[in-house]
Amino acid sequence: MENTTISKRSIAFGLALAVACVVNAIIVVVKEKSEAVMGGMKKVTGHHWTTHSAIVIVLFLALGGLFGLTRGGRGMEMTTSRLIGILLSAIGAAAVIIIGFYLFVD
Amino acid sequence: MNEIILMAHVLFGVACLVTAAWLFVDVLHANETNLARIRRMSWGAAAFMWLAFLIGGYWYVTSYKVDKAIILKGPWPFAHNMVMETKEHLVIMLLLVATYLPIAAMDNLAKSKDARKLMLWVTAMIALLALAMDGEGAIISMGVKVALLPK
């Protein structure tokens, strides 16, 4: 018998992935527009990209764990179609922001 | 040594792409007999992507400034200004999607249609993003090459 469920882990880390991708794009715009932010990111690890990557990776892992603990440890509930829609929208929006920024703004 | 590092970066990136394409087909036919292989291959795709990311990141942080200067003086400055700038940030998303793959593969793909649907989207995203990264890498290499060609 087929079922139509996915685990709370897949939902939690799927949502974390969506948030981390959007934050990734926001950091691009902020650091390129603010010399103070860019300078601060360079100071932390010696290179802005290393700091940028570390922030986004840690955010993904932390949010994934956190979303899994919501509702008393039962995690968030969502249909698979909705999760896929959120994932595609977030990744698409982040890609458009990054490409658009370097194409038209920077 | 720089050439070996760059070739290893491309090798592992392409390995991730090929593994994602393999997984897409395997997930279409997911059942109890190929479930363990799908999970192992998912870990493999994530490992390949992490290796490509770490090796490429090391080269980018330590050696890219030389290539960057060459590109910016050549006829294809967009190979840095546009292509490298987008690649270095889009690749972080690819790394996260590849890291998510073994997490999604832990669900019972043989019994859950929705789990298979999610895996198909994730593997497709990895393959498309990896292909885009591959193309961007080729443009960056060409940016260096055209700058070094005799005028």
# chains A, B, ... in the order shown; residues from 1 in each chain; ligands from 1
>>> residues_around(residues="Met93 (chain B)", least_positions_apart="6", cutoff="10 Å", atoms="only C-alpha atoms", output="list in words")
Leu17, Ala18, Ala20, Cys21, Val22, Asn24, Ala25, Ser53, Val56, Ile57, Ile91, Ala94 and Ala95 of chain A; Thr99, Ile126 and Leu129 of chain B
>>> write_last_selection(atoms="N, CA, C and O atoms", output="mmCIF file, in the first residue's frame")
data_model
loop_
_atom_site.group_PDB
_atom_site.id
_atom_site.type_symbol
_atom_site.label_atom_id
_atom_site.label_comp_id
_atom_site.auth_asym_id
_atom_site.auth_seq_id
_atom_site.Cartn_x
_atom_site.Cartn_y
_atom_site.Cartn_z
ATOM 1 N N LEU A 17 16.502 24.602 4.116
ATOM 2 C CA LEU A 17 17.185 24.799 2.832
ATOM 3 C C LEU A 17 16.621 26.034 2.112
ATOM 4 O O LEU A 17 17.379 26.867 1.598
ATOM 5 N N ALA A 18 15.290 26.146 2.111
ATOM 6 C CA ALA A 18 14.644 27.293 1.446
ATOM 7 C C ALA A 18 15.083 28.610 2.101
ATOM 8 O O ALA A 18 15.468 29.562 1.411
ATOM 9 N N ALA A 20 17.765 29.192 4.003
ATOM 10 C CA ALA A 20 19.210 29.413 3.841
ATOM 11 C C ALA A 20 19.541 29.949 2.442
ATOM 12 O O ALA A 20 20.417 30.802 2.295
ATOM 13 N N CYS A 21 18.821 29.468 1.424
ATOM 14 C CA CYS A 21 19.082 29.940 0.053
ATOM 15 C C CYS A 21 18.719 31.418 -0.089
ATOM 16 O O CYS A 21 19.455 32.198 -0.711
ATOM 17 N N VAL A 22 17.579 31.814 0.491
ATOM 18 C CA VAL A 22 17.170 33.221 0.407
ATOM 19 C C VAL A 22 18.149 34.099 1.200
ATOM 20 O O VAL A 22 18.568 35.165 0.730
ATOM 21 N N ASN A 24 21.228 33.459 1.746
ATOM 22 C CA ASN A 24 22.449 33.480 0.930
ATOM 23 C C ASN A 24 22.396 34.655 -0.062
ATOM 24 O O ASN A 24 23.352 35.428 -0.187
ATOM 25 N N ALA A 25 21.266 34.800 -0.740
ATOM 26 C CA ALA A 25 21.121 35.883 -1.729
ATOM 27 C C ALA A 25 21.113 37.250 -1.048
ATOM 28 O O ALA A 25 21.712 38.210 -1.555
ATOM 29 N N SER A 53 29.977 31.521 3.256
ATOM 30 C CA SER A 53 29.631 30.093 3.160
ATOM 31 C C SER A 53 29.346 29.511 4.538
ATOM 32 O O SER A 53 28.366 28.776 4.726
ATOM 33 N N VAL A 56 25.900 30.546 5.944
ATOM 34 C CA VAL A 56 24.756 29.892 5.274
ATOM 35 C C VAL A 56 24.682 28.401 5.651
ATOM 36 O O VAL A 56 23.593 27.874 5.913
ATOM 37 N N ILE A 57 25.833 27.729 5.713
ATOM 38 C CA ILE A 57 25.839 26.294 6.049
ATOM 39 C C ILE A 57 25.376 26.077 7.489
ATOM 40 O O ILE A 57 24.540 25.212 7.769
ATOM 41 N N ILE A 91 14.686 28.750 -4.109
ATOM 42 C CA ILE A 91 15.917 28.576 -4.891
ATOM 43 C C ILE A 91 15.855 29.449 -6.160
ATOM 44 O O ILE A 91 16.828 30.107 -6.522
ATOM 45 N N ALA A 94 16.253 33.140 -5.092
ATOM 46 C CA ALA A 94 17.648 33.407 -4.705
ATOM 47 C C ALA A 94 18.544 33.498 -5.939
ATOM 48 O O ALA A 94 19.396 34.393 -6.039
ATOM 49 N N ALA A 95 18.337 32.598 -6.884
ATOM 50 C CA ALA A 95 19.150 32.615 -8.114
ATOM 51 C C ALA A 95 18.895 33.897 -8.909
ATOM 52 O O ALA A 95 19.830 34.530 -9.404
ATOM 53 N N THR B 99 23.518 18.462 0.136
ATOM 54 C CA THR B 99 23.555 18.010 1.531
ATOM 55 C C THR B 99 22.174 17.512 1.971
ATOM 56 O O THR B 99 22.048 16.599 2.787
ATOM 57 N N ILE B 126 19.728 19.437 -8.354
ATOM 58 C CA ILE B 126 21.188 19.249 -8.257
ATOM 59 C C ILE B 126 21.791 19.149 -9.657
ATOM 60 O O ILE B 126 22.787 19.811 -9.969
ATOM 61 N N LEU B 129 21.629 22.652 -11.399
ATOM 62 C CA LEU B 129 22.578 23.608 -10.801
ATOM 63 C C LEU B 129 24.016 23.201 -11.109
ATOM 64 O O LEU B 129 24.861 24.051 -11.418
#
>>> interface_residues(of="chain B", to="chain A", cutoff="6 Å", atoms="only C-alpha atoms", output="CSV table (one decimal) with C-alpha atoms, in the first residue's frame")
chain,number,residue,atom,x,y,z
B,82,MET,CA,29.3,38.4,-13.9
B,86,THR,CA,27.4,34.5,-9.5
B,93,MET,CA,23.0,26.7,-2.8
B,104,ALA,CA,15.4,13.2,1.8
B,111,LYS,CA,6.4,2.9,-0.1
B,112,SER,CA,5.9,6.7,-0.3
B,113,LYS,CA,4.9,8.3,-3.6
B,114,ASP,CA,5.5,11.8,-2.1
B,115,ALA,CA,9.0,10.9,-0.8
>>> atom_distance(atom1="CA of Ala90 (chain A)", atom2="CA of Val19 (chain A)")
7.2 Å
>>> atom_distance(atom1="CA of Lys145 (chain B)", atom2="CA of Asn2 (chain B)")
15.6 Å
>>> residues_around(residues="Gly74 (chain B)", least_positions_apart="5", cutoff="8 Å", atoms="only C-alpha atoms", output="NGL selection string")
:B and (143-144 or 146-148)
>>> residues_around(residues="Val18 (chain B)", least_positions_apart="3", cutoff="10 Å", atoms="only C-alpha atoms", output="ChimeraX atom specification")
/B:12-15,21-24,45,126-127,130-131
>>> write_last_selection(atoms="N, CA, C and O atoms", output="PDB file, in the first residue's frame")
ATOM      1  N   PHE B  12      35.109  16.172  -9.275  1.00  0.00           N
ATOM      2  CA  PHE B  12      34.125  15.875  -8.228  1.00  0.00           C
ATOM      3  C   PHE B  12      32.778  16.550  -8.520  1.00  0.00           C
ATOM      4  O   PHE B  12      31.721  16.001  -8.199  1.00  0.00           O
ATOM      5  N   GLY B  13      32.812  17.736  -9.134  1.00  0.00           N
ATOM      6  CA  GLY B  13      31.565  18.406  -9.515  1.00  0.00           C
ATOM      7  C   GLY B  13      30.798  17.591 -10.541  1.00  0.00           C
ATOM      8  O   GLY B  13      29.580  17.402 -10.421  1.00  0.00           O
ATOM      9  N   VAL B  14      31.514  17.091 -11.539  1.00  0.00           N
ATOM     10  CA  VAL B  14      30.867  16.276 -12.574  1.00  0.00           C
ATOM     11  C   VAL B  14      30.388  14.947 -11.969  1.00  0.00           C
ATOM     12  O   VAL B  14      29.315  14.448 -12.324  1.00  0.00           O
ATOM     13  N   ALA B  15      31.173  14.400 -11.046  1.00  0.00           N
ATOM     14  CA  ALA B  15      30.756  13.150 -10.373  1.00  0.00           C
ATOM     15  C   ALA B  15      29.437  13.365  -9.630  1.00  0.00           C
ATOM     16  O   ALA B  15      28.553  12.493  -9.653  1.00  0.00           O
ATOM     17  N   ALA B  21      22.028  12.438 -11.726  1.00  0.00           N
ATOM     18  CA  ALA B  21      21.275  11.940 -12.891  1.00  0.00           C
ATOM     19  C   ALA B  21      20.946  10.449 -12.706  1.00  0.00           C
ATOM     20  O   ALA B  21      19.831   9.998 -12.987  1.00  0.00           O
ATOM     21  N   TRP B  22      21.931   9.679 -12.211  1.00  0.00           N
ATOM     22  CA  TRP B  22      21.727   8.250 -11.909  1.00  0.00           C
ATOM     23  C   TRP B  22      20.582   8.095 -10.910  1.00  0.00           C
ATOM     24  O   TRP B  22      19.676   7.273 -11.088  1.00  0.00           O
ATOM     25  N   LEU B  23      20.650   8.907  -9.844  1.00  0.00           N
ATOM     26  CA  LEU B  23      19.648   8.812  -8.781  1.00  0.00           C
ATOM     27  C   LEU B  23      18.248   9.133  -9.298  1.00  0.00           C
ATOM     28  O   LEU B  23      17.274   8.506  -8.892  1.00  0.00           O
ATOM     29  N   PHE B  24      18.148  10.103 -10.197  1.00  0.00           N
ATOM     30  CA  PHE B  24      16.838  10.473 -10.755  1.00  0.00           C
ATOM     31  C   PHE B  24      16.175   9.240 -11.368  1.00  0.00           C
ATOM     32  O   PHE B  24      15.007   8.945 -11.111  1.00  0.00           O
ATOM     33  N   ALA B  45      26.673  11.426  -3.681  1.00  0.00           N
ATOM     34  CA  ALA B  45      26.488  12.713  -4.379  1.00  0.00           C
ATOM     35  C   ALA B  45      26.843  13.874  -3.453  1.00  0.00           C
ATOM     36  O   ALA B  45      27.511  14.834  -3.858  1.00  0.00           O
ATOM     37  N   ILE B 126      19.728  19.437  -8.354  1.00  0.00           N
ATOM     38  CA  ILE B 126      21.188  19.249  -8.257  1.00  0.00           C
ATOM     39  C   ILE B 126      21.791  19.149  -9.657  1.00  0.00           C
ATOM     40  O   ILE B 126      22.787  19.811  -9.969  1.00  0.00           O
ATOM     41  N   ALA B 127      21.169  18.336 -10.513  1.00  0.00           N
ATOM     42  CA  ALA B 127      21.709  18.148 -11.867  1.00  0.00           C
ATOM     43  C   ALA B 127      21.730  19.473 -12.636  1.00  0.00           C
ATOM     44  O   ALA B 127      22.730  19.812 -13.272  1.00  0.00           O
ATOM     45  N   ALA B 130      24.305  21.899 -11.030  1.00  0.00           N
ATOM     46  CA  ALA B 130      25.672  21.425 -11.304  1.00  0.00           C
ATOM     47  C   ALA B 130      26.050  21.687 -12.765  1.00  0.00           C
ATOM     48  O   ALA B 130      27.180  22.076 -13.059  1.00  0.00           O
ATOM     49  N   LEU B 131      25.078  21.492 -13.652  1.00  0.00           N
ATOM     50  CA  LEU B 131      25.328  21.764 -15.075  1.00  0.00           C
ATOM     51  C   LEU B 131      25.617  23.258 -15.284  1.00  0.00           C
ATOM     52  O   LEU B 131      26.530  23.629 -16.042  1.00  0.00           O
TER      53      LEU B 131
END
>>> residues_around(residues="Arg37 (chain B)", least_positions_apart="3", cutoff="12 Å", atoms="only C-alpha atoms", output="list of chain:residue names")
B:Thr19, B:Trp22, B:Leu23, B:Asp26, B:Val27, B:His29, B:Ala30, B:Asn31, B:Glu32, B:Thr33, B:Asn34, B:Arg40, B:Met41, B:Ser42, B:Trp43, B:Gly44, B:Pro102, B:Ala105, B:Met106, B:Leu109
>>> closest_residue(among="B:Trp59, B:Ile103, B:Tyr64, B:Leu72", to="Ile4 (chain B)", atoms="only C-alpha atoms")
B:Trp59
>>> select_by_dssp(residues="region 25-87 of chain B", states="alpha helix (DSSP H)", output="MDAnalysis selection string")
chainID B and resid 25:28 35:62 64:73 78 85:87
>>> atom_distance(atom1="CA of Met84 (chain B)", atom2="CA of Met1 (chain B)")
21.3 Å
>>> residues_around(residues="Met142 (chain B)", least_positions_apart="5", cutoff="10 Å", atoms="only C-alpha atoms", output="list in words")
Ile71, Trp76, Ala79, Glu136, Gly137, Ala147 and Leu148 of chain B
>>> closest_residue(among="A:Val96, A:Val29, A:Leu63, A:Val37", to="Gly75 (chain A)", atoms="only C-alpha atoms")
A:Leu63
